[in-house]
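One file, my_file_38.tsv, carrying TSV, N, CA and C atoms:
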```tsv
chain	number	residue	atom	x	y	z
A	1	MET	N	4.37	2.39	-10.95
A	1	MET	CA	5.42	1.40	-11.14
A	1	MET	C	5.52	0.52	-9.91
A	2	LEU	N	5.68	-0.75	-10.09
A	2	LEU	CA	5.74	-1.71	-9.01
A	2	LEU	C	7.12	-1.71	-8.39
A	3	ASN	N	7.19	-1.38	-7.10
A	3	ASN	CA	8.47	-1.29	-6.39
A	3	ASN	C	8.65	-2.54	-5.53
A	4	LEU	N	9.63	-3.35	-5.86
A	4	LEU	CA	9.88	-4.58	-5.11
A	4	LEU	C	11.00	-4.42	-4.09
A	5	ASN	N	11.62	-3.24	-4.01
A	5	ASN	CA	12.78	-3.05	-3.13
A	5	ASN	C	12.47	-3.35	-1.68
A	6	HIS	N	11.29	-2.96	-1.20
A	6	HIS	CA	10.96	-3.13	0.20
A	6	HIS	C	11.02	-4.61	0.60
A	7	CYS	N	10.64	-5.50	-0.30
A	7	CYS	CA	10.61	-6.92	0.04
A	7	CYS	C	11.97	-7.56	-0.01
A	8	TYR	N	12.88	-6.98	-0.70
A	8	TYR	CA	14.18	-7.61	-0.80
A	8	TYR	C	15.15	-7.07	0.25
A	9	GLY	N	14.79	-5.98	0.89
A	9	GLY	CA	15.48	-5.50	2.06
A	9	GLY	C	16.87	-4.93	1.90
A	10	ARG	N	17.57	-5.24	0.81
A	10	ARG	CA	18.93	-4.75	0.62
A	10	ARG	C	19.08	-4.28	-0.81
A	11	PRO	N	20.01	-3.37	-1.06
A	11	PRO	CA	20.25	-2.94	-2.44
A	11	PRO	C	20.62	-4.12	-3.33
A	12	ALA	N	20.31	-4.01	-4.61
A	12	ALA	CA	20.53	-5.10	-5.56
A	12	ALA	C	21.98	-5.59	-5.55
A	13	ALA	N	22.93	-4.67	-5.53
A	13	ALA	CA	24.34	-5.07	-5.55
A	13	ALA	C	24.69	-5.91	-4.33
A	14	GLU	N	24.13	-5.56	-3.20
A	14	GLU	CA	24.39	-6.31	-1.98
A	14	GLU	C	23.71	-7.67	-2.02
A	15	ARG	N	22.52	-7.75	-2.64
A	15	ARG	CA	21.82	-9.03	-2.74
A	15	ARG	C	22.57	-10.00	-3.63
A	16	ARG	N	23.30	-9.47	-4.62
A	16	ARG	CA	24.00	-10.33	-5.57
A	16	ARG	C	25.27	-10.95	-5.01
A	17	ARG	N	25.83	-10.37	-3.96
A	17	ARG	CA	27.07	-10.91	-3.43
A	17	ARG	C	26.82	-12.28	-2.81
A	18	ASN	N	27.86	-13.07	-2.76
A	18	ASN	CA	27.74	-14.40	-2.16
A	18	ASN	C	27.62	-14.25	-0.66
A	19	ILE	N	26.60	-14.89	-0.10
A	19	ILE	CA	26.37	-14.83	1.34
A	19	ILE	C	26.62	-16.21	1.91
A	20	PRO	N	27.50	-16.32	2.89
A	20	PRO	CA	27.72	-17.63	3.50
A	20	PRO	C	26.41	-18.19	4.05
A	21	SER	N	26.24	-19.50	3.98
A	21	SER	CA	24.99	-20.12	4.38
A	21	SER	C	24.64	-19.86	5.84
A	22	ASN	N	25.62	-19.59	6.70
A	22	ASN	CA	25.31	-19.35	8.10
A	22	ASN	C	24.64	-18.00	8.34
A	23	GLU	N	24.58	-17.14	7.32
A	23	GLU	CA	23.90	-15.85	7.47
A	23	GLU	C	22.40	-15.97	7.21
A	24	HIS	N	21.95	-17.08	6.65
A	24	HIS	CA	20.53	-17.28	6.39
A	24	HIS	C	19.84	-17.72	7.67
A	25	ILE	N	18.73	-17.13	7.98
A	25	ILE	CA	17.98	-17.46	9.18
A	25	ILE	C	16.58	-17.90	8.74
A	26	MET	N	16.17	-19.09	9.18
A	26	MET	CA	14.82	-19.53	8.88
A	26	MET	C	13.86	-18.81	9.81
A	27	ARG	N	12.83	-18.26	9.24
A	27	ARG	CA	11.83	-17.56	10.03
A	27	ARG	C	10.50	-18.30	9.89
A	28	ALA	N	9.76	-18.36	10.97
A	28	ALA	CA	8.48	-19.05	10.95
A	28	ALA	C	7.43	-18.21	10.25
A	29	ALA	N	6.69	-18.84	9.37
A	29	ALA	CA	5.60	-18.18	8.67
A	29	ALA	C	4.35	-18.27	9.53
A	30	VAL	N	3.67	-17.15	9.70
A	30	VAL	CA	2.41	-17.12	10.43
A	30	VAL	C	1.30	-17.19	9.38
A	31	LYS	N	0.58	-18.29	9.39
A	31	LYS	CA	-0.48	-18.49	8.41
A	31	LYS	C	-1.62	-17.52	8.64
A	32	THR	N	-2.31	-17.18	7.57
A	32	THR	CA	-3.51	-16.35	7.66
A	32	THR	C	-4.72	-17.23	7.35
A	33	GLU	N	-5.89	-16.65	7.35
A	33	GLU	CA	-7.10	-17.40	7.01
A	33	GLU	C	-7.21	-17.65	5.52
A	34	HIS	N	-6.24	-17.16	4.75
A	34	HIS	CA	-6.23	-17.32	3.30
A	34	HIS	C	-5.10	-18.27	2.89
A	35	PRO	N	-5.45	-19.37	2.21
A	35	PRO	CA	-4.39	-20.28	1.77
A	35	PRO	C	-3.35	-19.53	0.92
A	36	HIS	N	-2.12	-19.90	1.03
A	36	HIS	CA	-0.99	-19.33	0.30
A	36	HIS	C	-0.52	-17.99	0.86
A	37	ILE	N	-1.22	-17.37	1.80
A	37	ILE	CA	-0.84	-16.05	2.30
A	37	ILE	C	-0.36	-16.18	3.75
A	38	VAL	N	0.86	-15.66	3.99
A	38	VAL	CA	1.46	-15.72	5.32
A	38	VAL	C	2.10	-14.38	5.67
A	39	HIS	N	2.43	-14.23	6.94
A	39	HIS	CA	3.25	-13.12	7.43
A	39	HIS	C	4.54	-13.76	7.93
A	40	VAL	N	5.68	-13.20	7.54
A	40	VAL	CA	6.97	-13.70	8.02
A	40	VAL	C	7.73	-12.51	8.58
A	41	ASP	N	8.00	-12.56	9.88
A	41	ASP	CA	8.73	-11.48	10.53
A	41	ASP	C	10.07	-11.28	9.83
A	42	GLY	N	10.36	-10.05	9.42
A	42	GLY	CA	11.62	-9.74	8.77
A	42	GLY	C	11.61	-9.91	7.26
A	43	LEU	N	10.50	-10.34	6.70
A	43	LEU	CA	10.37	-10.50	5.25
A	43	LEU	C	9.33	-9.50	4.76
A	44	CYS	N	9.75	-8.61	3.89
A	44	CYS	CA	8.84	-7.57	3.37
A	44	CYS	C	8.23	-6.77	4.51
A	45	GLY	N	8.99	-6.54	5.54
A	45	GLY	CA	8.49	-5.75	6.67
A	45	GLY	C	7.36	-6.41	7.43
A	46	GLY	N	7.20	-7.71	7.26
A	46	GLY	CA	6.14	-8.43	7.95
A	46	GLY	C	4.79	-8.36	7.26
A	47	GLU	N	4.75	-7.71	6.09
A	47	GLU	CA	3.47	-7.61	5.39
A	47	GLU	C	3.10	-8.96	4.77
A	48	PRO	N	1.84	-9.15	4.42
A	48	PRO	CA	1.41	-10.44	3.88
A	48	PRO	C	2.06	-10.75	2.54
A	49	VAL	N	2.56	-11.99	2.43
A	49	VAL	CA	3.24	-12.44	1.22
A	49	VAL	C	2.71	-13.82	0.81
A	50	ILE	N	3.05	-14.20	-0.43
A	50	ILE	CA	2.75	-15.55	-0.89
A	50	ILE	C	3.69	-16.50	-0.16
A	51	ASP	N	3.14	-17.57	0.41
A	51	ASP	CA	3.92	-18.52	1.20
A	51	ASP	C	5.12	-19.04	0.41
A	52	GLY	N	6.30	-18.92	1.00
A	52	GLY	CA	7.52	-19.43	0.40
A	52	GLY	C	8.17	-18.49	-0.60
A	53	LEU	N	7.58	-17.33	-0.83
A	53	LEU	CA	8.11	-16.38	-1.82
A	53	LEU	C	8.21	-14.99	-1.22
A	54	ARG	N	8.87	-14.12	-1.93
A	54	ARG	CA	8.95	-12.71	-1.53
A	54	ARG	C	8.04	-11.87	-2.41
A	55	VAL	N	6.88	-12.39	-2.68
A	55	VAL	CA	5.88	-11.67	-3.47
A	55	VAL	C	4.80	-11.21	-2.50
A	56	ALA	N	4.72	-9.90	-2.30
A	56	ALA	CA	3.75	-9.34	-1.36
A	56	ALA	C	2.37	-9.26	-2.00
A	57	VAL	N	1.37	-9.35	-1.15
A	57	VAL	CA	-0.01	-9.21	-1.61
A	57	VAL	C	-0.17	-7.88	-2.34
A	58	ARG	N	0.48	-6.83	-1.85
A	58	ARG	CA	0.34	-5.52	-2.49
A	58	ARG	C	0.86	-5.53	-3.92
A	59	HIS	N	1.84	-6.38	-4.24
A	59	HIS	CA	2.33	-6.47	-5.62
A	59	HIS	C	1.23	-7.01	-6.52
A	60	VAL	N	0.56	-8.04	-6.07
A	60	VAL	CA	-0.54	-8.64	-6.84
A	60	VAL	C	-1.65	-7.62	-7.02
A	61	VAL	N	-2.01	-6.95	-5.93
A	61	VAL	CA	-3.11	-5.97	-5.97
A	61	VAL	C	-2.77	-4.81	-6.89
A	62	THR	N	-1.55	-4.33	-6.83
A	62	THR	CA	-1.15	-3.21	-7.69
A	62	THR	C	-1.32	-3.57	-9.16
A	63	LEU	N	-0.88	-4.75	-9.54
A	63	LEU	CA	-1.03	-5.17	-10.94
A	63	LEU	C	-2.50	-5.35	-11.30
A	64	HIS	N	-3.29	-5.88	-10.38
A	64	HIS	CA	-4.72	-6.06	-10.63
A	64	HIS	C	-5.40	-4.70	-10.82
A	65	GLN	N	-5.04	-3.73	-9.98
A	65	GLN	CA	-5.63	-2.39	-10.09
A	65	GLN	C	-5.21	-1.69	-11.39
A	66	GLN	N	-4.10	-2.10	-11.96
A	66	GLN	CA	-3.65	-1.54	-13.24
A	66	GLN	C	-4.34	-2.22	-14.41
A	67	GLY	N	-5.23	-3.18	-14.12
A	67	GLY	CA	-6.01	-3.83	-15.17
A	67	GLY	C	-5.40	-5.10	-15.74
A	68	GLU	N	-4.35	-5.60	-15.11
A	68	GLU	CA	-3.72	-6.83	-15.60
A	68	GLU	C	-4.63	-8.03	-15.36
A	69	ALA	N	-4.64	-8.96	-16.27
A	69	ALA	CA	-5.42	-10.19	-16.14
A	69	ALA	C	-4.75	-11.12	-15.13
A	70	ILE	N	-5.55	-11.98	-14.52
A	70	ILE	CA	-5.05	-12.92	-13.52
A	70	ILE	C	-3.87	-13.73	-14.07
A	71	VAL	N	-4.03	-14.27	-15.25
A	71	VAL	CA	-2.97	-15.10	-15.84
A	71	VAL	C	-1.70	-14.28	-16.08
A	72	ASP	N	-1.84	-13.02	-16.45
A	72	ASP	CA	-0.68	-12.15	-16.68
A	72	ASP	C	0.01	-11.79	-15.37
A	73	ILE	N	-0.77	-11.58	-14.33
A	73	ILE	CA	-0.19	-11.30	-13.01
A	73	ILE	C	0.62	-12.50	-12.55
A	74	ALA	N	0.03	-13.67	-12.69
A	74	ALA	CA	0.71	-14.91	-12.28
A	74	ALA	C	2.03	-15.06	-13.02
A	75	GLU	N	1.99	-14.84	-14.32
A	75	GLU	CA	3.20	-14.99	-15.13
A	75	GLU	C	4.25	-13.94	-14.77
A	76	ALA	N	3.82	-12.71	-14.60
A	76	ALA	CA	4.76	-11.62	-14.29
A	76	ALA	C	5.46	-11.82	-12.95
A	77	LEU	N	4.74	-12.37	-11.98
A	77	LEU	CA	5.30	-12.52	-10.63
A	77	LEU	C	5.82	-13.93	-10.35
A	78	GLY	N	5.66	-14.83	-11.30
A	78	GLY	CA	6.16	-16.19	-11.11
A	78	GLY	C	5.38	-16.98	-10.07
A	79	ILE	N	4.07	-16.77	-10.03
A	79	ILE	CA	3.22	-17.47	-9.08
A	79	ILE	C	2.08	-18.15	-9.85
A	80	THR	N	1.29	-18.94	-9.16
A	80	THR	CA	0.17	-19.61	-9.80
A	80	THR	C	-1.07	-18.71	-9.80
A	81	GLU	N	-2.02	-19.06	-10.65
A	81	GLU	CA	-3.27	-18.30	-10.67
A	81	GLU	C	-3.99	-18.44	-9.33
A	82	ALA	N	-3.91	-19.61	-8.70
A	82	ALA	CA	-4.52	-19.81	-7.38
A	82	ALA	C	-3.92	-18.85	-6.35
A	83	GLN	N	-2.59	-18.66	-6.42
A	83	GLN	CA	-1.95	-17.72	-5.50
A	83	GLN	C	-2.41	-16.30	-5.75
A	84	VAL	N	-2.64	-15.94	-7.01
A	84	VAL	CA	-3.17	-14.61	-7.34
A	84	VAL	C	-4.55	-14.46	-6.70
A	85	PHE	N	-5.42	-15.45	-6.89
A	85	PHE	CA	-6.77	-15.37	-6.33
A	85	PHE	C	-6.75	-15.26	-4.81
A	86	HIS	N	-5.88	-16.01	-4.14
A	86	HIS	CA	-5.82	-15.94	-2.69
A	86	HIS	C	-5.26	-14.60	-2.22
A	87	ALA	N	-4.32	-14.04	-2.96
A	87	ALA	CA	-3.80	-12.71	-2.62
A	87	ALA	C	-4.91	-11.67	-2.75
A	88	LEU	N	-5.69	-11.76	-3.82
A	88	LEU	CA	-6.80	-10.81	-4.01
A	88	LEU	C	-7.88	-11.03	-2.95
A	89	SER	N	-8.13	-12.28	-2.58
A	89	SER	CA	-9.09	-12.57	-1.52
A	89	SER	C	-8.64	-11.92	-0.21
A	90	TYR	N	-7.34	-12.06	0.10
A	90	TYR	CA	-6.79	-11.43	1.30
A	90	TYR	C	-7.01	-9.92	1.23
A	91	PHE	N	-6.74	-9.35	0.07
A	91	PHE	CA	-6.92	-7.91	-0.11
A	91	PHE	C	-8.36	-7.49	0.17
A	92	PHE	N	-9.33	-8.22	-0.38
A	92	PHE	CA	-10.73	-7.83	-0.20
A	92	PHE	C	-11.16	-7.94	1.26
A	93	ASP	N	-10.53	-8.83	2.03
A	93	ASP	CA	-10.84	-8.94	3.45
A	93	ASP	C	-10.02	-7.98	4.31
A	94	HIS	N	-8.94	-7.42	3.77
A	94	HIS	CA	-8.05	-6.52	4.52
A	94	HIS	C	-7.70	-5.29	3.68
A	95	ARG	N	-8.70	-4.74	3.05
A	95	ARG	CA	-8.51	-3.63	2.10
A	95	ARG	C	-7.74	-2.46	2.71
A	96	ASP	N	-8.11	-2.01	3.90
A	96	ASP	CA	-7.44	-0.85	4.51
A	96	ASP	C	-5.95	-1.10	4.72
A	97	GLU	N	-5.61	-2.28	5.20
A	97	GLU	CA	-4.21	-2.63	5.45
A	97	GLU	C	-3.39	-2.57	4.15
A	98	ILE	N	-3.91	-3.20	3.09
A	98	ILE	CA	-3.16	-3.26	1.83
A	98	ILE	C	-3.12	-1.91	1.15
A	99	MET	N	-4.21	-1.16	1.21
A	99	MET	CA	-4.20	0.18	0.60
A	99	MET	C	-3.20	1.10	1.30
A	100	GLU	N	-3.04	0.94	2.60
A	100	GLU	CA	-2.03	1.71	3.34
A	100	GLU	C	-0.62	1.34	2.87
A	101	LEU	N	-0.36	0.06	2.68
A	101	LEU	CA	0.95	-0.38	2.19
A	101	LEU	C	1.22	0.16	0.78
A	102	ILE	N	0.21	0.14	-0.06
A	102	ILE	CA	0.36	0.67	-1.43
A	102	ILE	C	0.60	2.17	-1.38
A	103	ALA	N	-0.13	2.89	-0.53
A	103	ALA	CA	0.05	4.33	-0.41
A	103	ALA	C	1.46	4.68	0.07
A	104	ARG	N	1.98	3.93	1.04
A	104	ARG	CA	3.35	4.18	1.51
A	104	ARG	C	4.37	3.94	0.41
A	105	ASP	N	4.13	2.90	-0.38
A	105	ASP	CA	5.03	2.57	-1.49
A	105	ASP	C	5.00	3.70	-2.53
A	106	GLU	N	3.82	4.20	-2.84
A	106	GLU	CA	3.69	5.28	-3.82
A	106	GLU	C	4.35	6.57	-3.30
A	107	GLN	N	4.24	6.84	-2.01
A	107	GLN	CA	4.87	8.02	-1.42
A	107	GLN	C	6.40	7.89	-1.53
A	108	ALA	N	6.92	6.71	-1.26
A	108	ALA	CA	8.36	6.49	-1.37
A	108	ALA	C	8.81	6.68	-2.82
A	109	ASP	N	8.05	6.14	-3.76
A	109	ASP	CA	8.38	6.31	-5.18
A	109	ASP	C	8.38	7.79	-5.56
A	110	ALA	N	7.41	8.54	-5.07
A	110	ALA	CA	7.30	9.97	-5.39
A	110	ALA	C	8.50	10.74	-4.83
A	111	ARG	N	8.94	10.39	-3.63
A	111	ARG	CA	10.09	11.09	-3.04
A	111	ARG	C	11.35	10.87	-3.89
A	112	PHE	N	11.53	9.66	-4.39
A	112	PHE	CA	12.71	9.36	-5.20
A	112	PHE	C	12.61	9.93	-6.60
A	113	ALA	N	11.40	10.16	-7.08
A	113	ALA	CA	11.21	10.70	-8.44
A	113	ALA	C	11.42	12.20	-8.49
A	114	GLU	N	11.33	12.88	-7.35
A	114	GLU	CA	11.50	14.33	-7.33
A	114	GLU	C	12.95	14.67	-7.59
A	115	PRO	N	13.16	15.74	-8.40
A	115	PRO	CA	14.56	16.15	-8.72
A	115	PRO	C	15.28	16.75	-7.54
```

This structure in structure tokens:
Amino acid sequence: MLNLNHCYGRPAAERRRNIPSNEHIMRAAVKTEHPHIVHVDGLCGGEPVIDGLRVAVRHVVTLHQQGEAIVDIAEALGITEAQVFHALSYFFDHRDEIMELIARDEQADARFAEP
């Protein structure tokens, strides 16, 4: 199951409350060698994300590994097919990094699934 909690940083109920505009902080995106993929300190724990969104590369990769088609991944995550391709390209160049993030996510899911 795809866990998006890590990227949103706060529980859903807290995210839904009205936040005064002065609480928003603009953070600089650090570009990678892959178009559309950036690192933003404080967003998704600094892991690689689609530029301007809270969609982590690991989310794209997880859906791809589950056999989802590129067009379906794009639709499910609200991104373009080009962004899917660049996320997968980043993954193929940084496989160990992304697999570690996926493994940590799966471990967290397993801990919460235990009775």

Report as a list in words: the residues of stretch 23-91 of chain A with a DSSP assignment of alpha helix (DSSP H), based on the backbone of this structure.
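Of stretch 23-91 of chain A, the ones in alpha helix (DSSP H) are Val57, Arg58, His59, Val60, Val61, Thr62, Leu63, His64, Gln65, Ile70, Val71, Asp72, Ile73, Ala74, Glu75, Ala76, Leu77, Glu81, Ala82, Gln83, Val84, Phe85, His86, Ala87, Leu88, Ser89, Tyr90 and Phe91 of chain A.
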
One decimal, in Å: what's the spacing between atom N of A:His59 and atom N of A:Asp72?
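Distance between the two atoms: 14.4 Å.
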
Kindly give the distance, in Å, that separates atom CA of A:Gln107 and atom CA of A:Ile73, rounded to a single decimal.
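Distance between the two atoms: 23.1 Å.
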
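Between atom CA of A:Leu43 and atom N of A:Gly67 the separation is 25.9 Å.
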
List as a ChimeraX atom specification the protein and nucleic acid residues near stretch 81-96 of chain A, meaning an atom at most 6 Å away when only N, CA and C atoms are counted, but skip any in the same chain fewer than 2 places from it.
/A:35,57,70,74,79,98-100

When distances are computed from only N, CA and C atoms, which of A:Ala69, A:Asp105, A:Leu63, A:Ala29 shows the smallest separation from A:Asp51?
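Of all the options, A:Ala29 lies closest to A:Asp51.
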